[in-house]
Amino acid sequence: MLVFGDHVRTCDPRAAAGELAASLGAIGCLRPGLARHAALVGALIDAGELVQGLIDHACAARDERTAIGDAGMRLLVALAGAIDRSWSSGFAPDEPPIAALGALLGLAARRWPDTVELRHAEGFAFYALYPEAYLAAARAAPPGPRHVIGIRSIGAALAALVAAATGSPLPQTVRPRGDPFHRRLEVAPALVGEWVSRGARIAIVDEGPGLSGSSFGAVADRLEDAGVAPERLECFPSHAGELGPAASDRHRQRWARLPRHVVDADALLVRGGALAGWIAELVGPLVAPLEDISAGAWRAKHFRSEAEWPACVIHQERRKLLAQTGDATWLARFVGLGRDGERALARAQLLHRAGFTPEVAGLCHGFLIERWLAATPLALADLDRAGRRRLVDRVGEYLGFRARELVADADRGASLDRLAEMIRRNAELALGAAPAVRGSPAELAPRVRRIEIDGRLHAWEWLVSPGGALIKADAIDHHAAHDLVGCQDITWDLAGAAVELGLSAAEQRRIAAIAAETCGRPVDPELLAFARPCYLAFQLGRHALAATTGGSEAIRLRAAADRYARQLAAT
């Protein structure tokens, strides 16, 4: 199934470096505290993406030691050291990030390409992966320097953190290539010789592992094949779990015996009380421990019985916790570190001011804090004609507001050609044949006006307050999720609303008219006809792929996939 996609943007590296320099300068003016620390982490994330792009360009054919790569890693190690000092001291006063600025100047002195491709650091954006956790894992590992190898993309920054915390030499990075489940390395013999000749431990650093663990496996394979003794190898992953179901026997057996050094977000932020303390600074003293409602556990708060629960793609859910004060309950939801978190905060504040979403208290280093409403999910079966009209009007106004206020750049989202490919592949796998795509992607593409879509317009995403008002939940970042959709035309959400809310033809016309009036431009009927099978094929693939992981959720996921498949077959 075609569901996932990389978030890649092409940019002028000099412009990115200029923004980074401005961020570092601004950090020097901030008072000690969480906001300054979070800004340092944001700078590391931005620098990591820039360095990844430069190294990828320099090592397009194979990984090797390069002057620009070494200069980039010096920048990341300098930032990692600043984060280490800030975190370990409890955000005590520190000098401005002079070393990082100097390292950035050293990097800028190298010859740069005109453009590079920067890849989004997914763990920092989606999966509550904290740089501080790698510092803690490195502190808990056996002492002493080691040769550190980071797996690009995110592994460049993570390797710098492990090297800084262990006093190791300048790390190197590699990019495994080929089939996602059967990665391999292309590495210059001289670089392999460096790894082999040194007797110290070799630390392999990355997020994951995922379904196959083939990126970790590819690095370990290359080292062992070159003669590195297995006992020299260790890993710094993002979780303590085993490899996924697509792992090879060789990788699975090695993973079982490899030393792995992990500190997860719970140990870092929740059990130690750090996150609770940050939240209390925003909303007042907490009267109970934080309650974890991640991985679909939020459903127990909204539905009377488990039989009513909607399907949930658990492994893609954002981290969620409830915080209880004396007079209110607050939801702490992970929305991303660095710029991702800042943008999510601004978006949440905008939507709340317009009356569509809950009150926002602020941002705590990656967690958005918003009021948890004493409300029930919308029950479509309970609506009379007047209730359905109010729903249509409310959703139309909401989508029109997003289309007017949350405009996106033209390159932020899957192309129509890519969406058409998704329809074909997912439909052929599920139905045996793909439906005819309505309209030509090439002819329709110039008419797309990309916005930051909502992407989740299911009935249970609409909460009914005690006074009867409809409030949109979980409205902040589905356009920036770990999938291929991204930002799309308003017609994506109009198609999604029609599917998820069971709108009649008349209701679909009304909701489109209200959205058009609100945003100030007409809805393109041909784009809307194209969007419906796209939306159905995506949801079909998303739920069907999630169902393959098994577990108690699989029955609900398969039922949802079947429902989308039937509607796709009928288009």
# chains A, B, ... in the order shown; residues from 1 in each chain; ligands from 1

$ select_by_dssp --residues "region 436-472 of chain A" --states "alpha helix (DSSP H)" --output "ChimeraX atom specification"
/A:441-444

$ residues_around --residues "Leu528 (chain A)" --least-positions-apart "2" --cutoff "10 Å" --atoms "only C-alpha atoms" --output "mmCIF file with N, CA and C atoms, in the first residue's frame"
data_model
loop_
_atom_site.group_PDB
_atom_site.id
_atom_site.type_symbol
_atom_site.label_atom_id
_atom_site.label_comp_id
_atom_site.auth_asym_id
_atom_site.auth_seq_id
_atom_site.Cartn_x
_atom_site.Cartn_y
_atom_site.Cartn_z
ATOM 1 N N ARG A 438 -10.639 10.358 -12.334
ATOM 2 C CA ARG A 438 -11.415 11.420 -12.966
ATOM 3 C C ARG A 438 -10.530 12.633 -13.206
ATOM 4 N N ASP A 489 -5.401 20.849 -1.821
ATOM 5 C CA ASP A 489 -6.487 21.779 -2.091
ATOM 6 C C ASP A 489 -7.613 21.554 -1.079
ATOM 7 N N ILE A 490 -8.451 22.556 -0.876
ATOM 8 C CA ILE A 490 -9.590 22.423 0.034
ATOM 9 C C ILE A 490 -10.484 21.252 -0.355
ATOM 10 N N THR A 491 -10.439 20.857 -1.620
ATOM 11 C CA THR A 491 -11.295 19.760 -2.064
ATOM 12 C C THR A 491 -10.940 18.447 -1.370
ATOM 13 N N TRP A 492 -9.718 18.292 -0.888
ATOM 14 C CA TRP A 492 -9.378 17.082 -0.129
ATOM 15 C C TRP A 492 -10.258 16.987 1.122
ATOM 16 N N ASP A 493 -10.358 18.088 1.864
ATOM 17 C CA ASP A 493 -11.172 18.080 3.085
ATOM 18 C C ASP A 493 -12.660 18.025 2.776
ATOM 19 N N LEU A 494 -13.087 18.637 1.689
ATOM 20 C CA LEU A 494 -14.499 18.538 1.322
ATOM 21 C C LEU A 494 -14.857 17.096 0.982
ATOM 22 N N ALA A 495 -13.973 16.409 0.286
ATOM 23 C CA ALA A 495 -14.207 14.998 -0.004
ATOM 24 C C ALA A 495 -14.188 14.179 1.278
ATOM 25 N N ALA A 512 -19.865 22.872 0.228
ATOM 26 C CA ALA A 512 -18.912 23.473 -0.705
ATOM 27 C C ALA A 512 -19.230 24.956 -0.921
ATOM 28 N N VAL A 523 -15.079 26.595 -5.292
ATOM 29 C CA VAL A 523 -14.562 25.233 -5.223
ATOM 30 C C VAL A 523 -14.561 24.654 -6.632
ATOM 31 N N ASP A 524 -13.452 24.089 -7.038
ATOM 32 C CA ASP A 524 -13.307 23.514 -8.373
ATOM 33 C C ASP A 524 -14.001 22.146 -8.401
ATOM 34 N N PRO A 525 -15.088 21.984 -9.150
ATOM 35 C CA PRO A 525 -15.814 20.707 -9.128
ATOM 36 C C PRO A 525 -14.994 19.547 -9.686
ATOM 37 N N GLU A 526 -14.117 19.795 -10.647
ATOM 38 C CA GLU A 526 -13.313 18.707 -11.199
ATOM 39 C C GLU A 526 -12.238 18.258 -10.207
ATOM 40 N N PHE A 530 -11.867 14.557 -8.406
ATOM 41 C CA PHE A 530 -10.581 13.862 -8.355
ATOM 42 C C PHE A 530 -10.213 13.522 -6.914
ATOM 43 N N ALA A 531 -10.569 14.398 -5.987
ATOM 44 C CA ALA A 531 -10.136 14.246 -4.596
ATOM 45 C C ALA A 531 -10.806 13.068 -3.902
ATOM 46 N N ARG A 532 -12.045 12.764 -4.250
ATOM 47 C CA ARG A 532 -12.764 11.719 -3.512
ATOM 48 C C ARG A 532 -12.081 10.351 -3.605
ATOM 49 N N PRO A 533 -11.761 9.837 -4.804
ATOM 50 C CA PRO A 533 -11.051 8.551 -4.824
ATOM 51 C C PRO A 533 -9.661 8.636 -4.212
ATOM 52 N N CYS A 534 -9.033 9.788 -4.302
ATOM 53 C CA CYS A 534 -7.728 9.952 -3.644
ATOM 54 C C CYS A 534 -7.861 9.770 -2.141
#

$ residues_around --residues "Glu342 (chain A)" --least-positions-apart "4" --cutoff "10 Å" --atoms "only C-alpha atoms" --output "short mmCIF file (atom, residue, chain, number, x, y, z; two decimals) with N, CA and C atoms, in the first residue's frame"
data_model
loop_
_atom_site.label_atom_id
_atom_site.label_comp_id
_atom_site.auth_asym_id
_atom_site.auth_seq_id
_atom_site.Cartn_x
_atom_site.Cartn_y
_atom_site.Cartn_z
N GLY A 42 15.96 23.47 18.79
CA GLY A 42 15.50 23.85 17.45
C GLY A 42 16.65 24.16 16.52
N VAL A 335 3.55 17.95 19.46
CA VAL A 335 3.35 18.55 18.14
C VAL A 335 4.66 18.82 17.42
N GLY A 336 5.78 18.44 18.01
CA GLY A 336 7.06 18.61 17.33
C GLY A 336 7.98 19.57 18.05
N LEU A 337 9.26 19.30 17.94
CA LEU A 337 10.29 20.17 18.51
C LEU A 337 10.68 21.24 17.50
N GLY A 338 11.27 22.31 17.99
CA GLY A 338 11.77 23.36 17.11
C GLY A 338 10.66 24.07 16.36
N ALA A 346 1.15 28.45 16.87
CA ALA A 346 0.51 29.58 16.18
C ALA A 346 -0.78 29.14 15.49
N ARG A 347 -0.78 27.95 14.91
CA ARG A 347 -1.97 27.44 14.24
C ARG A 347 -3.10 27.18 15.25
N ALA A 348 -2.74 26.59 16.38
CA ALA A 348 -3.74 26.31 17.41
C ALA A 348 -4.34 27.60 17.96
N GLY A 362 -0.32 27.07 25.92
CA GLY A 362 1.04 27.36 25.49
C GLY A 362 1.75 26.12 25.00
N LEU A 363 3.06 26.24 24.86
CA LEU A 363 3.91 25.17 24.33
C LEU A 363 5.00 24.87 25.33
N HIS A 365 8.18 22.81 25.15
CA HIS A 365 9.26 22.05 24.51
C HIS A 365 8.71 20.83 23.77
N GLY A 366 7.85 21.09 22.78
CA GLY A 366 7.33 20.02 21.94
C GLY A 366 5.91 19.62 22.24
N LEU A 368 2.08 20.74 23.02
CA LEU A 368 1.06 21.78 23.02
C LEU A 368 0.09 21.50 24.17
#

$ residues_around --residues "region 133-145 of chain A" --least-positions-apart "2" --cutoff "6 Å" --atoms "only C-alpha atoms" --output "MDAnalysis selection string"
chainID A and resid 130:131 161:162 165:168 261:263

$ residues_around --residues "Ala297 (chain A)" --least-positions-apart "5" --cutoff "12 Å" --atoms "only C-alpha atoms" --output "list in words"
Glu291, Asp292, His302, Phe303, Glu306, Trp309, Pro310, Ala311, Cys312, Val313, Ile314, Glu317, Arg318, Arg319, Lys320, Leu321, Leu322 and Glu553 of chain A

$ write_last_selection --atoms "N, CA and C atoms" --output "short mmCIF file (atom, residue, chain, number, x, y, z; two decimals), in the first residue's frame"
data_model
loop_
_atom_site.label_atom_id
_atom_site.label_comp_id
_atom_site.auth_asym_id
_atom_site.auth_seq_id
_atom_site.Cartn_x
_atom_site.Cartn_y
_atom_site.Cartn_z
N GLU A 291 -1.65 11.57 33.10
CA GLU A 291 -2.31 10.33 32.67
C GLU A 291 -2.07 10.13 31.18
N ASP A 292 -1.51 9.00 30.82
CA ASP A 292 -1.19 8.71 29.43
C ASP A 292 -2.45 8.26 28.70
N HIS A 302 -14.05 9.13 25.95
CA HIS A 302 -15.14 9.70 25.16
C HIS A 302 -16.28 8.73 24.87
N PHE A 303 -16.04 7.44 25.01
CA PHE A 303 -17.07 6.47 24.64
C PHE A 303 -17.43 5.60 25.84
N GLU A 306 -16.01 -0.11 24.88
CA GLU A 306 -15.00 -0.36 23.86
C GLU A 306 -15.64 -0.74 22.53
N TRP A 309 -15.66 2.10 20.10
CA TRP A 309 -14.42 2.75 19.71
C TRP A 309 -14.22 2.74 18.19
N PRO A 310 -13.79 3.86 17.62
CA PRO A 310 -13.40 3.86 16.21
C PRO A 310 -12.01 3.23 16.05
N ALA A 311 -11.70 2.84 14.83
CA ALA A 311 -10.38 2.29 14.55
C ALA A 311 -9.32 3.36 14.77
N CYS A 312 -8.15 2.92 15.20
CA CYS A 312 -7.07 3.85 15.51
C CYS A 312 -5.75 3.29 14.97
N VAL A 313 -5.05 4.09 14.19
CA VAL A 313 -3.72 3.70 13.69
C VAL A 313 -2.73 4.08 14.80
N ILE A 314 -2.56 3.16 15.72
CA ILE A 314 -1.89 3.46 16.98
C ILE A 314 -0.45 3.91 16.80
N GLU A 317 -0.06 7.60 16.06
CA GLU A 317 -0.67 8.60 16.94
C GLU A 317 0.39 9.44 17.64
N ARG A 318 0.09 10.70 17.78
CA ARG A 318 0.95 11.59 18.57
C ARG A 318 0.83 11.22 20.06
N ARG A 319 1.89 11.53 20.79
CA ARG A 319 1.88 11.28 22.24
C ARG A 319 0.89 12.23 22.91
N LYS A 320 0.06 11.71 23.81
CA LYS A 320 -0.97 12.51 24.48
C LYS A 320 -1.01 12.17 25.96
N LEU A 321 -1.08 13.20 26.82
CA LEU A 321 -1.22 13.00 28.26
C LEU A 321 -2.21 14.03 28.80
N LEU A 322 -2.90 13.65 29.86
CA LEU A 322 -3.82 14.56 30.53
C LEU A 322 -3.17 15.10 31.80
N GLU A 553 -6.33 -4.27 17.86
CA GLU A 553 -6.86 -3.19 17.03
C GLU A 553 -7.12 -3.63 15.60
#

$ select_by_dssp --residues "region 260-492 of chain A" --states "strand (DSSP E)" --output "ChimeraX atom specification"
/A:291-292,320-324,329-334,360-364,367-371,376-377,462-464,470-472

$ residues_around --residues "Thr329 (chain A)" --least-positions-apart "2" --cutoff "8 Å" --atoms "only C-alpha atoms" --output "list of chain:residue names"
A:Leu322, A:Ala323, A:Gln324, A:Thr325, A:Asp327, A:Leu331, A:Arg371, A:Trp372, A:Leu373

$ residues_around --residues "Ala103 (chain A)" --least-positions-apart "3" --cutoff "8 Å" --atoms "only C-alpha atoms" --output "list in words"
Ala71, Gly72, Arg74, Leu75, Ala78, Ala99, Ala100, Gly106 and Leu107 of chain A

$ closest_residue --among "A:Phe401, A:Trp278, A:Trp298, A:Trp112" --to "Gly69 (chain A)" --atoms "only C-alpha atoms"
A:Trp112

$ closest_residue --among "A:Cys487, A:Ala436, A:Ala445, A:Ala82" --to "Arg36 (chain A)" --atoms "only C-alpha atoms"
A:Ala82
